[in-house]
Protein chains: 2
Amino acid sequence: MSLVVVGSVAFDNVETPFDKIENALGGSATYISLAASYFTAPVKLVAVVGDDFGEENIKLLEDHDIDLAGLEIVEGEKTFRWGGKYHYDLNIRDTLFTDLNVFENFDPVIPEKMKSGRFLILGNIMPSLQLKVLDQMNNLKFVVCDTMNLWIDIAKDDLLKVLKRIDLLVINDSEARLLTDEPNLIKSARMIQEIGPNYLIIKKGEHGALLFGEDKIFSAPAYPLEDIFDPTGAGDTFAGGLIGYLHRTSDVTFENLKRAVIYGSTMASFCVEKFSTKGIEDLSSIEIKSRYLEFLELSKVNDDE
Amino acid sequence: MSLVVVGSVAFDNVETPFDKIENALGGSATYISLAASYFTAPVKLVAVVGDDFGEENIKLLEDHDIDLAGLEIVEGEKTFRWGGKYHYDLNIRDTLFTDLNVFENFDPVIPEKMKSGRFLILGNIMPSLQLKVLDQMNNLKFVVCDTMNLWIDIAKDDLLKVLKRIDLLVINDSEARLLTDEPNLIKSARMIQEIGPNYLIIKKGEHGALLFGEDKIFSAPAYPLEDIFDPTGAGDTFAGGLIGYLHRTSDVTFENLKRAVIYGSTMASFCVEKFSTKGIEDLSSIEIKSRYLEFLELSKVNDDE
C-alpha cells in the first residue's frame, strides 16, 4: 500500500493584516505531503521545481520521510511562485501575481515504482494533467481530487472527465456552486455526485465542512480559532490529513471518512496558526490527537433527556 | 413557571424565486410563540395588532394554546406590515416596504399576571422597548433576546443596556461582526459575552449555529434541506423552539442549551419548508422528535478507531 501525492510545489509571498512573508515554501503538494506525513510514511511526492528550490526545503520534506523520487528538479529554471494578500476579513484574498515558471511545462511522470500506488491524491493542477496522472496509475483503490474555480471556468470538459474517475472530490462551497450553477449546497452536492465521485467534501472555511456519501451527510464543525494568522494552504492541509488518515487505516467507509474529515480539519487548524508551512512542520502525535478530541467535543450532544 | 414572549405580530408580503404570498401571518412574536407552543403551554404573548388582524389568526394562536391576554388590539388602526423579496440565492433578501402602522406607538404593557414570568424572550423590537419590558418583570430566571442590524446602527446605547440584563443573546453572524467591529466570529463572541450575556448564540443560516458558554463552544449543524421555500421567520422560529424547550425542561445548563439549540434548529428547518407560518402550524411531536434525532446523527462521530 502506498500513497502518491501529485500537485504543485511553490514559493509564496503572503501578506496578511498582521505580517508578511516572502519566498515561503508553499504549493498544494507540499501542504498535502507534510500533513499526510503525520499519519503514514513514506508519502510519495510527484511535482516539479526549479534549481532555486534550496537544500533546506529538500531537507524539510525528507525529515518528514517524504519520498522525493518523483520530485523533478529542472536545471536553469525557476520554481513556481505565487503572491497573495488577505484582507482584514481573512475570508477574502487577492492574488497579487502568479509566475508559473517551471510549472508552465509540468508534465507529471509517475516513477515506475509509484505506479502501483493504491491511494492517490490529485492536488489542484490543470485537469488535463490530472488525467495524465490517472492514466499512469495501474492499481488504484481510492483517488481524492482537488480543483479550483479557474479550471471550472476554462477547463470544465477535462474536469468532468476527471470527476468520473475519482472516488472523492474536495472543493469549497463557492466552487461547488460555480460547477453546478446551483445555489443550494445540498442540491449542488447531489449534482456533483451524479457526475461521478461516490464521496464529496464541501469545505466551508470558518463554517467547517460537509461530507456527502451515497445517501448520508456528515457535518463537521470548524475549530474555533481566535487567531488565524495565514489561511494559505489550509485546504491542501485538510486534504493531506484526510488522505493520510485514510491511507493509514485503509478504510474508506463513510464512518471512517467522518473521522478522516475531522483529522483533516485538525491539521488545517494547525496550518493557519502560523505563516506558510510553519504550523505543520513540527507537530507531535499527542498534539494532533488532543486537538482531534477537542474537535469531536465541539459537536457532541449527550441526548440523555 | 411561565414563558412570556414579547415582539411583533405582522402581515407579510413575501416573494421568493418560486412563488409569492400576500398578507401572510408573520412577526417575530408570532413565530416564536408558535414554535415554543410545541414544547410548553400556555405561551404568554405580548404584542399589538390593528383591528384588521382577523379572527382566523386569533384562532390559530388560540389553537396552539397561546395566552393572548397581552395581545393589544387597537381599534381604528392597522397591523404592522412588512414586504420582502428573496433572490435566487435565498441567503440574500431585499426589504420592499415596512409599514409600522400600530407598531409605531407600541408601548408594551405586561399584564399583571404575567409579570412574575420566569422565562422571557424579547423578540426583535427597539431596544428601548425591550428595556421597558425588563423593567416590568419581577421574577425572571432566564431572558433570551434577539436584535437586528438596524438597532445596532441607530440604538446601540440602549442595546448595550439590554445586553447587561439578559442571559442569552441570539443574533446572526453579520450582526455579531457589526456589533463588535471584529471579523473573527470567535473573538466577536467573546467581546459580546464581556458586555453582558453569559450565553450567546450566533446563527449562521445554512451553516448552522454556534453556542458560546462561559468557556465552552458548541457547534450545531444546519439541517441539509434541498428545498427551502421561504426563509422568513426561521430565526424567530429557532429562538421559539429553543426557549420552549428550555422552559419545558427548566434546565439552563450548557449541556441542556446544546439540546435546545438542536430543537430550535429542528423547528426552523420545518419553518422554511413552507410559506409564512404554514410549516410550523401543524406538526406532531413524533415529527419533531424524529427530525431532532436526524440532527444529532448529522454530526455524530463514532470514535472507535
# chains A, B, ... in the order shown; residues from 1 in each chain; ligands from 1

call {"tool": "interface_residues", "arguments": {"of": "chain B", "to": "chain A", "cutoff": "8 Å", "atoms": "only C-alpha atoms", "output": "list in words"}}
result
Tyr88, Asp89, Pro183, Asn184, Leu185, Ile186, Lys187, His207, Ile217, Phe218, Ser219, Ala220, Pro221, Pro224, Leu225, Glu226, Glu255, Lys258, Arg259, Leu296, Leu298, Ser299, Lys300, Val301, Asn302 and Asp303 of chain B

call {"tool": "residues_around", "arguments": {"residues": "Gly27 in chain B", "least_positions_apart": "2", "cutoff": "8 Å", "atoms": "only C-alpha atoms", "output": "PyMOL selection string"}}
result
chain B and resi 7-12+25+29-31+233

call {"tool": "calpha_fit_and_write", "arguments": {"fixed": "chain B", "moving": "chain A", "output": "mmCIF file with C-alpha atoms, in the first residue's frame"}}
result
data_model
loop_
_atom_site.group_PDB
_atom_site.id
_atom_site.type_symbol
_atom_site.label_atom_id
_atom_site.label_comp_id
_atom_site.auth_asym_id
_atom_site.auth_seq_id
_atom_site.Cartn_x
_atom_site.Cartn_y
_atom_site.Cartn_z
ATOM 1 C CA MET A 1 -43.221 28.828 35.865
ATOM 2 C CA SER A 2 -44.274 30.610 32.744
ATOM 3 C CA LEU A 3 -42.896 31.822 29.457
ATOM 4 C CA VAL A 4 -43.542 35.365 28.204
ATOM 5 C CA VAL A 5 -42.921 36.303 24.566
ATOM 6 C CA VAL A 6 -42.698 39.964 23.512
ATOM 7 C CA GLY A 7 -42.252 41.053 19.911
ATOM 8 C CA SER A 8 -44.045 41.930 16.697
ATOM 9 C CA VAL A 9 -47.123 40.412 15.126
ATOM 10 C CA ALA A 10 -47.390 41.334 11.468
ATOM 11 C CA PHE A 11 -48.676 40.707 8.001
ATOM 12 C CA ASP A 12 -45.990 39.870 5.467
ATOM 13 C CA ASN A 13 -45.786 40.044 1.696
ATOM 14 C CA VAL A 14 -43.063 37.664 0.599
ATOM 15 C CA GLU A 15 -41.619 36.930 -2.817
ATOM 16 C CA THR A 16 -39.251 34.052 -3.417
ATOM 17 C CA PRO A 17 -37.911 32.738 -6.747
ATOM 18 C CA PHE A 18 -40.619 30.050 -6.519
ATOM 19 C CA ASP A 19 -43.808 31.853 -5.546
ATOM 20 C CA LYS A 20 -45.236 34.791 -3.667
ATOM 21 C CA ILE A 21 -47.722 35.367 -0.894
ATOM 22 C CA GLU A 22 -49.545 38.457 0.413
ATOM 23 C CA ASN A 23 -50.959 39.334 3.835
ATOM 24 C CA ALA A 24 -49.480 36.242 5.406
ATOM 25 C CA LEU A 25 -49.227 35.962 9.167
ATOM 26 C CA GLY A 26 -45.766 36.997 10.341
ATOM 27 C CA GLY A 27 -43.836 38.884 13.009
ATOM 28 C CA SER A 28 -41.192 37.772 15.485
ATOM 29 C CA ALA A 29 -43.561 37.084 18.391
ATOM 30 C CA THR A 30 -45.838 35.028 16.147
ATOM 31 C CA TYR A 31 -43.090 32.677 15.011
ATOM 32 C CA ILE A 32 -41.579 32.463 18.493
ATOM 33 C CA SER A 33 -44.905 31.682 20.167
ATOM 34 C CA LEU A 34 -45.965 29.074 17.626
ATOM 35 C CA ALA A 35 -42.602 27.301 17.772
ATOM 36 C CA ALA A 36 -42.490 27.384 21.583
ATOM 37 C CA SER A 37 -46.056 26.099 21.821
ATOM 38 C CA TYR A 38 -44.892 22.617 20.774
ATOM 39 C CA PHE A 39 -42.846 22.381 23.961
ATOM 40 C CA THR A 40 -44.793 24.187 26.647
ATOM 41 C CA ALA A 41 -48.209 25.730 27.270
ATOM 42 C CA PRO A 42 -49.644 28.239 27.598
ATOM 43 C CA VAL A 43 -47.087 30.551 25.984
ATOM 44 C CA LYS A 44 -47.923 34.129 27.007
ATOM 45 C CA LEU A 45 -47.818 36.532 24.071
ATOM 46 C CA VAL A 46 -47.377 40.305 24.462
ATOM 47 C CA ALA A 47 -47.764 42.296 21.242
ATOM 48 C CA VAL A 48 -50.001 44.767 19.415
ATOM 49 C CA VAL A 49 -52.160 44.455 16.283
ATOM 50 C CA GLY A 50 -54.762 46.558 14.477
ATOM 51 C CA ASP A 51 -58.432 45.807 14.066
ATOM 52 C CA ASP A 52 -57.636 44.161 10.713
ATOM 53 C CA PHE A 53 -55.929 41.248 12.408
ATOM 54 C CA GLY A 54 -58.687 38.760 11.734
ATOM 55 C CA GLU A 55 -60.435 36.026 13.661
ATOM 56 C CA GLU A 56 -58.678 33.217 11.805
ATOM 57 C CA ASN A 57 -55.313 34.391 13.098
ATOM 58 C CA ILE A 58 -56.610 34.702 16.661
ATOM 59 C CA LYS A 59 -57.975 31.191 16.319
ATOM 60 C CA LEU A 60 -54.668 29.825 15.031
ATOM 61 C CA LEU A 61 -52.821 31.211 18.048
ATOM 62 C CA GLU A 62 -55.516 30.034 20.472
ATOM 63 C CA ASP A 63 -55.469 26.570 18.922
ATOM 64 C CA HIS A 64 -51.808 26.445 19.947
ATOM 65 C CA ASP A 65 -52.871 27.244 23.496
ATOM 66 C CA ILE A 66 -51.194 30.665 23.335
ATOM 67 C CA ASP A 67 -52.414 33.074 26.038
ATOM 68 C CA LEU A 68 -53.484 36.277 24.260
ATOM 69 C CA ALA A 69 -54.236 38.387 27.350
ATOM 70 C CA GLY A 70 -51.210 40.515 26.414
ATOM 71 C CA LEU A 71 -52.184 40.944 22.748
ATOM 72 C CA GLU A 72 -53.503 44.499 22.446
ATOM 73 C CA ILE A 73 -55.928 45.088 19.577
ATOM 74 C CA VAL A 74 -56.071 48.794 18.667
ATOM 75 C CA GLU A 75 -59.338 49.822 17.052
ATOM 76 C CA GLY A 76 -59.092 52.013 13.974
ATOM 77 C CA GLU A 77 -55.483 51.124 13.286
ATOM 78 C CA LYS A 78 -53.740 48.650 11.066
ATOM 79 C CA THR A 79 -51.403 45.784 11.880
ATOM 80 C CA PHE A 80 -47.665 46.144 11.173
ATOM 81 C CA ARG A 81 -46.843 45.142 7.578
ATOM 82 C CA TRP A 82 -43.585 44.063 6.014
ATOM 83 C CA GLY A 83 -42.677 43.115 2.465
ATOM 84 C CA GLY A 84 -39.538 41.301 1.355
ATOM 85 C CA LYS A 85 -38.119 39.660 -1.715
ATOM 86 C CA TYR A 86 -35.599 36.814 -1.773
ATOM 87 C CA HIS A 87 -33.039 36.423 -4.528
ATOM 88 C CA TYR A 88 -32.215 33.263 -6.469
ATOM 89 C CA ASP A 89 -29.670 32.726 -3.705
ATOM 90 C CA LEU A 90 -32.086 32.627 -0.763
ATOM 91 C CA ASN A 91 -29.404 33.959 1.565
ATOM 92 C CA ILE A 92 -29.963 37.401 0.054
ATOM 93 C CA ARG A 93 -33.117 39.404 0.820
ATOM 94 C CA ASP A 94 -34.355 42.896 -0.031
ATOM 95 C CA THR A 95 -36.889 44.655 2.165
ATOM 96 C CA LEU A 96 -39.572 46.038 -0.158
ATOM 97 C CA PHE A 97 -41.515 48.049 2.428
ATOM 98 C CA THR A 98 -42.053 48.450 6.171
ATOM 99 C CA ASP A 99 -45.384 49.928 7.300
ATOM 100 C CA LEU A 100 -45.119 50.190 11.080
ATOM 101 C CA ASN A 101 -48.803 51.173 11.484
ATOM 102 C CA VAL A 102 -49.951 50.287 15.012
ATOM 103 C CA PHE A 103 -46.430 49.145 15.835
ATOM 104 C CA GLU A 104 -45.173 52.736 15.602
ATOM 105 C CA ASN A 105 -46.608 53.561 19.035
ATOM 106 C CA PHE A 106 -46.173 50.126 20.593
ATOM 107 C CA ASP A 107 -45.590 50.504 24.316
ATOM 108 C CA PRO A 108 -45.533 46.986 25.704
ATOM 109 C CA VAL A 109 -47.642 46.590 28.812
ATOM 110 C CA ILE A 110 -47.148 43.305 30.601
ATOM 111 C CA PRO A 111 -50.437 42.109 32.120
ATOM 112 C CA GLU A 112 -50.217 41.867 35.905
ATOM 113 C CA LYS A 113 -50.454 38.072 35.926
ATOM 114 C CA MET A 114 -47.526 37.766 33.519
ATOM 115 C CA LYS A 115 -45.081 39.970 35.452
ATOM 116 C CA SER A 116 -43.891 37.051 37.534
ATOM 117 C CA GLY A 117 -42.957 35.038 34.442
ATOM 118 C CA ARG A 118 -39.695 33.158 34.932
ATOM 119 C CA PHE A 119 -38.697 32.842 31.273
ATOM 120 C CA LEU A 120 -38.824 35.844 28.953
ATOM 121 C CA ILE A 121 -37.934 36.159 25.303
ATOM 122 C CA LEU A 122 -37.546 39.590 23.773
ATOM 123 C CA GLY A 123 -38.163 39.336 20.045
ATOM 124 C CA ASN A 124 -36.568 41.798 17.676
ATOM 125 C CA ILE A 125 -38.052 45.186 18.683
ATOM 126 C CA MET A 126 -36.495 48.552 19.533
ATOM 127 C CA PRO A 127 -34.035 48.116 22.447
ATOM 128 C CA SER A 128 -35.749 50.898 24.461
ATOM 129 C CA LEU A 129 -38.935 48.806 24.381
ATOM 130 C CA GLN A 130 -37.010 45.709 25.425
ATOM 131 C CA LEU A 131 -35.782 47.721 28.433
ATOM 132 C CA LYS A 132 -39.360 48.734 29.280
ATOM 133 C CA VAL A 133 -40.386 45.098 29.273
ATOM 134 C CA LEU A 134 -37.474 44.129 31.518
ATOM 135 C CA ASP A 135 -38.479 46.906 33.959
ATOM 136 C CA GLN A 136 -41.938 45.370 34.370
ATOM 137 C CA MET A 137 -40.823 41.817 35.098
ATOM 138 C CA ASN A 138 -40.162 40.947 38.759
ATOM 139 C CA ASN A 139 -39.186 37.286 38.982
ATOM 140 C CA LEU A 140 -37.014 36.459 35.979
ATOM 141 C CA LYS A 141 -34.891 33.323 35.816
ATOM 142 C CA PHE A 142 -33.742 33.354 32.177
ATOM 143 C CA VAL A 143 -34.012 36.024 29.478
ATOM 144 C CA VAL A 144 -33.360 35.461 25.771
ATOM 145 C CA CYS A 145 -33.044 38.419 23.430
ATOM 146 C CA ASP A 146 -32.920 38.908 19.675
ATOM 147 C CA THR A 147 -31.954 42.090 17.831
ATOM 148 C CA MET A 148 -31.051 43.283 14.330
ATOM 149 C CA ASN A 149 -28.537 45.407 12.423
ATOM 150 C CA LEU A 150 -30.893 48.423 12.409
ATOM 151 C CA TRP A 151 -30.761 48.699 16.226
ATOM 152 C CA ILE A 152 -27.003 48.178 16.264
ATOM 153 C CA ASP A 153 -26.766 51.121 13.865
ATOM 154 C CA ILE A 154 -29.239 53.561 15.423
ATOM 155 C CA ALA A 155 -29.803 52.462 19.040
ATOM 156 C CA LYS A 156 -26.550 50.888 20.171
ATOM 157 C CA ASP A 157 -26.503 52.559 23.608
ATOM 158 C CA ASP A 158 -29.888 51.122 24.527
ATOM 159 C CA LEU A 159 -28.923 47.780 23.081
ATOM 160 C CA LEU A 160 -25.812 47.669 25.284
ATOM 161 C CA LYS A 161 -28.054 48.333 28.311
ATOM 162 C CA VAL A 162 -30.266 45.419 27.270
ATOM 163 C CA LEU A 163 -27.252 43.123 26.871
ATOM 164 C CA LYS A 164 -26.284 43.672 30.502
ATOM 165 C CA ARG A 165 -29.686 42.409 31.671
ATOM 166 C CA ILE A 166 -30.162 39.244 29.649
ATOM 167 C CA ASP A 167 -28.848 35.682 29.865
ATOM 168 C CA LEU A 168 -28.702 34.718 26.201
ATOM 169 C CA LEU A 169 -28.354 36.837 23.079
ATOM 170 C CA VAL A 170 -29.344 35.246 19.776
ATOM 171 C CA ILE A 171 -28.025 37.039 16.706
ATOM 172 C CA ASN A 172 -26.695 36.179 13.297
ATOM 173 C CA ASP A 173 -23.071 36.277 12.195
ATOM 174 C CA SER A 174 -23.202 39.581 10.304
ATOM 175 C CA GLU A 175 -24.902 41.255 13.284
ATOM 176 C CA ALA A 176 -22.211 39.956 15.644
ATOM 177 C CA ARG A 177 -19.491 41.348 13.392
ATOM 178 C CA LEU A 178 -21.325 44.672 13.104
ATOM 179 C CA LEU A 179 -21.855 44.948 16.849
ATOM 180 C CA THR A 180 -18.189 44.366 17.676
ATOM 181 C CA ASP A 181 -16.416 45.518 14.497
ATOM 182 C CA GLU A 182 -14.466 42.249 14.607
ATOM 183 C CA PRO A 183 -14.450 39.860 11.613
ATOM 184 C CA ASN A 184 -13.314 36.791 13.595
ATOM 185 C CA LEU A 185 -16.555 35.281 14.944
ATOM 186 C CA ILE A 186 -14.931 33.651 17.952
ATOM 187 C CA LYS A 187 -13.321 36.899 19.079
ATOM 188 C CA SER A 188 -16.540 38.740 18.321
ATOM 189 C CA ALA A 189 -18.473 36.304 20.514
ATOM 190 C CA ARG A 190 -16.087 36.750 23.418
ATOM 191 C CA MET A 191 -16.444 40.531 23.129
ATOM 192 C CA ILE A 192 -20.248 40.277 23.274
ATOM 193 C CA GLN A 193 -20.082 37.976 26.286
ATOM 194 C CA GLU A 194 -17.872 40.516 28.041
ATOM 195 C CA ILE A 195 -20.599 43.133 27.557
ATOM 196 C CA GLY A 196 -23.132 41.049 29.384
ATOM 197 C CA PRO A 197 -24.864 37.806 28.445
ATOM 198 C CA ASN A 198 -23.443 34.562 29.859
ATOM 199 C CA TYR A 199 -24.612 32.721 26.787
ATOM 200 C CA LEU A 200 -24.530 33.719 23.149
ATOM 201 C CA ILE A 201 -25.837 32.013 20.043
ATOM 202 C CA ILE A 202 -24.576 33.091 16.644
ATOM 203 C CA LYS A 203 -26.851 31.880 13.845
ATOM 204 C CA LYS A 204 -25.124 31.215 10.544
ATOM 205 C CA GLY A 205 -28.096 30.351 8.330
ATOM 206 C CA GLU A 206 -27.231 27.417 6.082
ATOM 207 C CA HIS A 207 -24.070 26.854 8.150
ATOM 208 C CA GLY A 208 -25.820 26.121 11.436
ATOM 209 C CA ALA A 209 -25.214 27.915 14.724
ATOM 210 C CA LEU A 210 -22.569 28.387 17.403
ATOM 211 C CA LEU A 211 -23.420 28.374 21.111
ATOM 212 C CA PHE A 212 -20.959 30.091 23.431
ATOM 213 C CA GLY A 213 -20.928 29.389 27.162
ATOM 214 C CA GLU A 214 -18.556 30.707 29.764
ATOM 215 C CA ASP A 215 -15.585 28.765 28.422
ATOM 216 C CA LYS A 216 -17.203 26.294 26.070
ATOM 217 C CA ILE A 217 -18.327 26.304 22.468
ATOM 218 C CA PHE A 218 -20.870 24.073 20.776
ATOM 219 C CA SER A 219 -21.158 23.895 17.013
ATOM 220 C CA ALA A 220 -24.604 22.876 15.724
ATOM 221 C CA PRO A 221 -25.070 21.790 12.110
ATOM 222 C CA ALA A 222 -27.789 23.047 9.802
ATOM 223 C CA TYR A 223 -30.360 20.620 8.499
ATOM 224 C CA PRO A 224 -29.440 19.763 4.894
ATOM 225 C CA LEU A 225 -32.596 20.957 3.176
ATOM 226 C CA GLU A 226 -32.696 20.679 -0.594
ATOM 227 C CA ASP A 227 -35.836 22.759 -0.900
ATOM 228 C CA ILE A 228 -36.014 25.920 1.117
ATOM 229 C CA PHE A 229 -39.267 27.573 0.247
ATOM 230 C CA ASP A 230 -39.346 30.706 2.417
ATOM 231 C CA PRO A 231 -36.631 31.641 4.952
ATOM 232 C CA THR A 232 -38.881 34.265 6.614
ATOM 233 C CA GLY A 233 -39.224 33.673 10.341
ATOM 234 C CA ALA A 234 -36.525 30.978 10.527
ATOM 235 C CA GLY A 235 -34.515 32.898 13.128
ATOM 236 C CA ASP A 236 -37.573 33.616 15.282
ATOM 237 C CA THR A 237 -38.717 30.015 14.988
ATOM 238 C CA PHE A 238 -35.265 28.884 16.067
ATOM 239 C CA ALA A 239 -35.493 31.101 19.147
ATOM 240 C CA GLY A 240 -39.024 29.883 19.866
ATOM 241 C CA GLY A 241 -38.095 26.206 19.754
ATOM 242 C CA LEU A 242 -35.063 26.960 21.881
ATOM 243 C CA ILE A 243 -36.849 28.794 24.678
ATOM 244 C CA GLY A 244 -39.838 26.456 24.544
ATOM 245 C CA TYR A 245 -37.535 23.517 25.211
ATOM 246 C CA LEU A 246 -35.616 25.389 27.928
ATOM 247 C CA HIS A 247 -38.880 26.306 29.645
ATOM 248 C CA ARG A 248 -40.200 22.757 29.485
ATOM 249 C CA THR A 249 -37.013 21.300 30.960
ATOM 250 C CA SER A 250 -36.332 24.274 33.274
ATOM 251 C CA ASP A 251 -32.643 23.509 32.836
ATOM 252 C CA VAL A 252 -30.354 26.286 31.621
ATOM 253 C CA THR A 253 -27.017 24.476 31.869
ATOM 254 C CA PHE A 254 -24.706 24.486 28.855
ATOM 255 C CA GLU A 255 -25.432 20.804 28.184
ATOM 256 C CA ASN A 256 -29.165 21.435 28.018
ATOM 257 C CA LEU A 257 -28.694 24.581 25.943
ATOM 258 C CA LYS A 258 -27.005 22.364 23.346
ATOM 259 C CA ARG A 259 -30.142 20.260 23.077
ATOM 260 C CA ALA A 260 -32.233 23.442 22.980
ATOM 261 C CA VAL A 261 -30.151 24.701 20.049
ATOM 262 C CA ILE A 262 -30.861 21.472 18.170
ATOM 263 C CA TYR A 263 -34.585 21.716 18.964
ATOM 264 C CA GLY A 264 -34.545 25.341 17.790
ATOM 265 C CA SER A 265 -32.795 24.292 14.581
ATOM 266 C CA THR A 266 -35.326 21.496 14.155
ATOM 267 C CA MET A 267 -38.249 23.931 14.340
ATOM 268 C CA ALA A 268 -36.516 26.362 11.960
ATOM 269 C CA SER A 269 -36.001 23.577 9.424
ATOM 270 C CA PHE A 270 -39.756 22.941 9.383
ATOM 271 C CA CYS A 271 -40.456 26.672 9.139
ATOM 272 C CA VAL A 272 -38.542 27.239 5.893
ATOM 273 C CA GLU A 273 -40.209 24.328 4.104
ATOM 274 C CA LYS A 274 -43.421 26.313 3.609
ATOM 275 C CA PHE A 275 -44.543 29.916 3.200
ATOM 276 C CA SER A 276 -45.164 32.105 6.248
ATOM 277 C CA THR A 277 -46.048 30.175 9.431
ATOM 278 C CA LYS A 278 -47.523 27.224 7.482
ATOM 279 C CA GLY A 279 -44.544 24.980 8.195
ATOM 280 C CA ILE A 280 -44.996 25.237 11.987
ATOM 281 C CA GLU A 281 -48.779 25.315 12.239
ATOM 282 C CA ASP A 282 -49.451 21.610 12.332
ATOM 283 C CA LEU A 283 -46.572 19.434 13.490
ATOM 284 C CA SER A 284 -46.746 16.258 15.545
ATOM 285 C CA SER A 285 -44.412 15.568 18.442
ATOM 286 C CA ILE A 286 -43.200 12.488 16.557
ATOM 287 C CA GLU A 287 -42.202 14.568 13.520
ATOM 288 C CA ILE A 288 -40.300 16.971 15.761
ATOM 289 C CA LYS A 289 -38.519 14.260 17.741
ATOM 290 C CA SER A 290 -37.650 12.360 14.587
ATOM 291 C CA ARG A 291 -36.040 15.354 12.912
ATOM 292 C CA TYR A 292 -34.262 16.227 16.184
ATOM 293 C CA LEU A 293 -32.688 12.763 16.128
ATOM 294 C CA GLU A 294 -31.697 13.218 12.468
ATOM 295 C CA PHE A 295 -29.992 16.445 13.521
ATOM 296 C CA LEU A 296 -27.994 14.651 16.196
ATOM 297 C CA GLU A 297 -26.993 12.008 13.647
ATOM 298 C CA LEU A 298 -25.646 14.662 11.251
ATOM 299 C CA SER A 299 -22.632 15.470 13.381
ATOM 300 C CA LYS A 300 -22.180 12.218 15.279
ATOM 301 C CA VAL A 301 -18.789 10.520 15.019
ATOM 302 C CA ASN A 302 -18.140 7.053 16.409
ATOM 303 C CA ASP A 303 -14.624 7.325 17.710
ATOM 304 C CA ASP A 304 -13.918 3.604 17.892
ATOM 305 C CA GLU A 305 -10.686 3.644 15.927
#

call {"tool": "select_by_dssp", "arguments": {"residues": "range 79-290 of chain B", "states": "strand (DSSP E or B)", "output": "PyMOL selection string"}}
result
chain B and resi 80-86+93-99+119-122+142-146+168-172+199-203+209-212+217-220

call {"tool": "select_by_dssp", "arguments": {"residues": "range 84-267 of chain A", "states": "helix (DSSP H, G or I)", "output": "PyMOL selection string"}}
result
chain A and resi 101-105+112-114+127-136+149-154+156-163+173-180+185-195+205-207+234-249+254-267

call {"tool": "write_last_selection", "arguments": {"atoms": "C-alpha atoms", "output": "CSV table (one decimal), in the first residue's frame"}}
result
chain,number,residue,atom,x,y,z
A,101,ASN,CA,7.9,29.3,-14.3
A,102,VAL,CA,8.9,25.6,-14.4
A,103,PHE,CA,5.3,24.7,-13.7
A,104,GLU,CA,4.2,26.0,-17.1
A,105,ASN,CA,5.6,22.9,-18.8
A,112,GLU,CA,7.7,3.2,-12.2
A,113,LYS,CA,7.8,2.1,-8.5
A,114,MET,CA,4.9,4.5,-7.7
A,127,PRO,CA,-7.4,18.8,-15.1
A,128,SER,CA,-5.7,17.5,-18.3
A,129,LEU,CA,-2.6,16.8,-16.1
A,130,GLN,CA,-4.8,15.1,-13.5
A,131,LEU,CA,-6.0,12.8,-16.3
A,132,LYS,CA,-2.4,12.1,-17.4
A,133,VAL,CA,-1.6,11.0,-13.9
A,134,LEU,CA,-4.6,8.8,-13.7
A,135,ASP,CA,-3.6,7.2,-17.0
A,136,GLN,CA,-0.2,6.1,-15.5
A,149,ASN,CA,-12.7,28.0,-9.9
A,150,LEU,CA,-10.1,28.7,-12.7
A,151,TRP,CA,-10.4,25.1,-14.0
A,152,ILE,CA,-14.2,25.1,-13.7
A,153,ASP,CA,-14.2,28.3,-15.9
A,154,ILE,CA,-11.6,27.3,-18.5
A,156,LYS,CA,-14.7,22.2,-17.4
A,157,ASP,CA,-14.7,19.4,-20.0
A,158,ASP,CA,-11.5,17.9,-18.8
A,159,LEU,CA,-12.6,18.4,-15.2
A,160,LEU,CA,-15.8,16.4,-15.8
A,161,LYS,CA,-13.6,13.6,-17.2
A,162,VAL,CA,-11.6,13.6,-14.0
A,163,LEU,CA,-14.7,13.5,-11.9
A,173,ASP,CA,-18.6,25.9,-1.3
A,174,SER,CA,-18.2,28.7,-4.0
A,175,GLU,CA,-16.6,26.2,-6.3
A,176,ALA,CA,-19.4,23.7,-5.9
A,177,ARG,CA,-22.0,26.4,-6.7
A,178,LEU,CA,-19.9,27.5,-9.7
A,179,LEU,CA,-19.5,24.0,-11.0
A,180,THR,CA,-23.3,23.2,-10.9
A,185,LEU,CA,-25.3,23.4,-1.5
A,186,ILE,CA,-27.2,20.1,-0.8
A,187,LYS,CA,-28.6,20.1,-4.3
A,188,SER,CA,-25.3,21.1,-5.7
A,189,ALA,CA,-23.6,18.2,-3.9
A,190,ARG,CA,-26.1,15.7,-5.3
A,191,MET,CA,-25.5,17.0,-8.8
A,192,ILE,CA,-21.7,16.6,-8.4
A,193,GLN,CA,-22.1,13.1,-7.1
A,194,GLU,CA,-24.3,12.2,-10.1
A,195,ILE,CA,-21.4,13.3,-12.4
A,205,GLY,CA,-13.8,27.7,5.6
A,206,GLU,CA,-14.8,29.1,9.1
A,207,HIS,CA,-18.0,27.1,8.9
A,234,ALA,CA,-5.5,25.3,4.8
A,235,GLY,CA,-7.5,23.4,2.1
A,236,ASP,CA,-4.5,21.4,1.0
A,237,THR,CA,-3.5,20.6,4.6
A,238,PHE,CA,-7.1,19.4,5.2
A,239,ALA,CA,-6.9,17.1,2.2
A,240,GLY,CA,-3.4,15.9,3.3
A,241,GLY,CA,-4.6,15.0,6.8
A,242,LEU,CA,-7.7,13.3,5.4
A,243,ILE,CA,-5.9,11.1,2.9
A,244,GLY,CA,-3.0,10.4,5.3
A,245,TYR,CA,-5.5,9.0,7.8
A,246,LEU,CA,-7.5,7.1,5.2
A,247,HIS,CA,-4.2,5.5,4.0
A,248,ARG,CA,-3.1,4.6,7.5
A,249,THR,CA,-6.4,2.9,8.3
A,254,PHE,CA,-18.4,6.6,5.3
A,255,GLU,CA,-17.9,6.1,9.1
A,256,ASN,CA,-14.1,6.3,8.7
A,257,LEU,CA,-14.3,9.2,6.2
A,258,LYS,CA,-16.0,11.1,9.0
A,259,ARG,CA,-13.0,10.6,11.2
A,260,ALA,CA,-10.7,11.5,8.3
A,261,VAL,CA,-12.6,14.8,7.8
A,262,ILE,CA,-12.0,15.6,11.5
A,263,TYR,CA,-8.3,14.7,11.2
A,264,GLY,CA,-8.1,16.8,8.1
A,265,SER,CA,-9.8,19.7,9.9
A,266,THR,CA,-7.4,19.2,12.8
A,267,MET,CA,-4.3,19.5,10.6
